[in-house]
Amino acid sequence: RDLLAQEPENAQAHQLLGVTLQRTGDLRGARAAFERAVELAPDQAEHRVSLASMQLASGEREPALRLLAEAVQLNPNLLVAYVLLAQDA
């Protein structure tokens with residue numbers, strides 16, 4: 001959070017905050033952090049995968065699949081996106 005206070009537009013910091021919040025059980029906060037990371041760095045596939053994972057866990061299948069498809073377009077070598085797509089199939 002200190003880094004975000006200094007650099008509020010740092011997408012990677014939002015991503016890391018999201019991971020931390022997710023691990024501590026703050027799913028609402030994690031989702032908000034992942035959403036902000038996607039907004040700030042729409043070209044980063046990993047941020048889309050993180051948000052899609054949250055969406056799948058909460059039953060939001062269609063937006064999650066859309067994000068995963070976008071992630072694969074951005075980075076065809078991102079294995080985790082394919083794994084999540086296969087698990088949903």
# chains A, B, ... in the order shown; residues from 1 in each chain; ligands from 1

$ residues_around --residues "Tyr82 (chain A)" --least-positions-apart "5" --cutoff "10 Å" --atoms "only C-alpha atoms" --output "list in words"
Val49, Leu68, Ala69, Ala71, Val72, Pro76, Asn77, Gln87 and Asp88 of chain A

$ closest_residue --among "A:Ala45, A:Val80, A:Met54, A:Ala11" --to "Ala30 (chain A)" --atoms "only C-alpha atoms"
A:Met54

$ residues_around --residues "Leu4 (chain A)" --least-positions-apart "5" --cutoff "10 Å" --atoms "only C-alpha atoms" --output "PyMOL selection string"
chain A and resi 9-14+17

$ closest_residue --among "A:Leu84, A:Leu74, A:Leu27, A:Ala33" --to "Ser53 (chain A)" --atoms "only C-alpha atoms"
A:Leu84

$ residues_around --residues "Glu46 (chain A)" --least-positions-apart "3" --cutoff "9 Å" --atoms "only C-alpha atoms" --output "number ranges by chain"
A: 15, 38, 49-51, 71, 75, 78, 80-81

$ select_by_dssp --residues "chain A" --states "alpha helix (DSSP H)" --output "PDB file with C-alpha atoms, in the first residue's frame"
ATOM      1  CA  ASP A   2       2.967   2.308   0.565  1.00  0.00           C
ATOM      2  CA  LEU A   3       3.982   1.954  -3.076  1.00  0.00           C
ATOM      3  CA  LEU A   4       0.429   2.726  -4.202  1.00  0.00           C
ATOM      4  CA  ALA A   5       0.409   5.833  -2.057  1.00  0.00           C
ATOM      5  CA  GLN A   6       3.528   6.995  -3.898  1.00  0.00           C
ATOM      6  CA  ALA A  11      -0.577  -1.342 -12.401  1.00  0.00           C
ATOM      7  CA  GLN A  12       1.884  -3.914 -11.084  1.00  0.00           C
ATOM      8  CA  ALA A  13       1.450  -2.576  -7.550  1.00  0.00           C
ATOM      9  CA  HIS A  14      -2.323  -2.970  -7.890  1.00  0.00           C
ATOM     10  CA  GLN A  15      -1.792  -6.521  -9.164  1.00  0.00           C
ATOM     11  CA  LEU A  16       0.426  -7.396  -6.203  1.00  0.00           C
ATOM     12  CA  LEU A  17      -2.046  -5.834  -3.792  1.00  0.00           C
ATOM     13  CA  GLY A  18      -4.794  -7.926  -5.360  1.00  0.00           C
ATOM     14  CA  VAL A  19      -2.822 -11.125  -4.870  1.00  0.00           C
ATOM     15  CA  THR A  20      -2.105 -10.213  -1.261  1.00  0.00           C
ATOM     16  CA  LEU A  21      -5.731  -9.335  -0.530  1.00  0.00           C
ATOM     17  CA  GLN A  22      -6.934 -12.514  -2.213  1.00  0.00           C
ATOM     18  CA  ARG A  23      -4.628 -14.614  -0.056  1.00  0.00           C
ATOM     19  CA  LEU A  27     -12.007 -10.880  -2.116  1.00  0.00           C
ATOM     20  CA  ARG A  28     -13.802  -7.579  -2.666  1.00  0.00           C
ATOM     21  CA  GLY A  29     -10.565  -5.662  -2.216  1.00  0.00           C
ATOM     22  CA  ALA A  30      -8.665  -8.112  -4.405  1.00  0.00           C
ATOM     23  CA  ARG A  31     -11.182  -7.779  -7.191  1.00  0.00           C
ATOM     24  CA  ALA A  32     -11.014  -3.978  -7.048  1.00  0.00           C
ATOM     25  CA  ALA A  33      -7.217  -4.099  -7.203  1.00  0.00           C
ATOM     26  CA  PHE A  34      -7.274  -6.476 -10.202  1.00  0.00           C
ATOM     27  CA  GLU A  35      -9.855  -4.301 -11.968  1.00  0.00           C
ATOM     28  CA  ARG A  36      -7.643  -1.255 -11.449  1.00  0.00           C
ATOM     29  CA  ALA A  37      -4.592  -3.142 -12.741  1.00  0.00           C
ATOM     30  CA  VAL A  38      -6.491  -4.019 -15.930  1.00  0.00           C
ATOM     31  CA  GLU A  39      -7.597  -0.397 -16.332  1.00  0.00           C
ATOM     32  CA  LEU A  40      -4.072   0.911 -15.916  1.00  0.00           C
ATOM     33  CA  ALA A  45      -2.491 -10.371 -19.969  1.00  0.00           C
ATOM     34  CA  GLU A  46      -1.630 -11.452 -16.433  1.00  0.00           C
ATOM     35  CA  HIS A  47      -3.884  -8.781 -14.928  1.00  0.00           C
ATOM     36  CA  ARG A  48      -6.793 -10.018 -17.037  1.00  0.00           C
ATOM     37  CA  VAL A  49      -6.206 -13.584 -15.882  1.00  0.00           C
ATOM     38  CA  SER A  50      -6.240 -12.543 -12.234  1.00  0.00           C
ATOM     39  CA  LEU A  51      -9.528 -10.703 -12.650  1.00  0.00           C
ATOM     40  CA  ALA A  52     -10.999 -13.565 -14.686  1.00  0.00           C
ATOM     41  CA  SER A  53     -10.082 -16.021 -11.951  1.00  0.00           C
ATOM     42  CA  MET A  54     -12.016 -13.922  -9.437  1.00  0.00           C
ATOM     43  CA  GLN A  55     -14.967 -13.727 -11.791  1.00  0.00           C
ATOM     44  CA  LEU A  56     -15.016 -17.486 -12.360  1.00  0.00           C
ATOM     45  CA  ALA A  57     -14.936 -18.082  -8.614  1.00  0.00           C
ATOM     46  CA  ARG A  61     -18.623 -17.013 -16.437  1.00  0.00           C
ATOM     47  CA  GLU A  62     -19.170 -14.834 -19.519  1.00  0.00           C
ATOM     48  CA  PRO A  63     -17.045 -11.835 -18.504  1.00  0.00           C
ATOM     49  CA  ALA A  64     -14.346 -14.196 -17.244  1.00  0.00           C
ATOM     50  CA  LEU A  65     -14.225 -16.096 -20.529  1.00  0.00           C
ATOM     51  CA  ARG A  66     -14.023 -12.816 -22.411  1.00  0.00           C
ATOM     52  CA  LEU A  67     -11.069 -11.679 -20.278  1.00  0.00           C
ATOM     53  CA  LEU A  68      -9.324 -15.029 -20.728  1.00  0.00           C
ATOM     54  CA  ALA A  69      -9.763 -14.880 -24.505  1.00  0.00           C
ATOM     55  CA  GLU A  70      -8.306 -11.362 -24.474  1.00  0.00           C
ATOM     56  CA  ALA A  71      -5.407 -12.569 -22.327  1.00  0.00           C
ATOM     57  CA  VAL A  72      -4.604 -15.333 -24.815  1.00  0.00           C
ATOM     58  CA  GLN A  73      -4.652 -12.790 -27.634  1.00  0.00           C
ATOM     59  CA  LEU A  74      -2.245 -10.569 -25.724  1.00  0.00           C
ATOM     60  CA  LEU A  79      -0.425 -21.197 -19.840  1.00  0.00           C
ATOM     61  CA  VAL A  80      -2.614 -20.275 -16.876  1.00  0.00           C
ATOM     62  CA  ALA A  81      -5.171 -18.672 -19.207  1.00  0.00           C
ATOM     63  CA  TYR A  82      -5.501 -21.932 -21.138  1.00  0.00           C
ATOM     64  CA  VAL A  83      -5.771 -23.908 -17.904  1.00  0.00           C
ATOM     65  CA  LEU A  84      -8.636 -21.716 -16.686  1.00  0.00           C
ATOM     66  CA  LEU A  85     -10.375 -21.959 -20.056  1.00  0.00           C
ATOM     67  CA  ALA A  86     -10.029 -25.762 -20.008  1.00  0.00           C
ATOM     68  CA  GLN A  87     -11.342 -26.018 -16.462  1.00  0.00           C
ATOM     69  CA  ASP A  88     -14.431 -24.093 -17.472  1.00  0.00           C
TER      70      ASP A  88
END
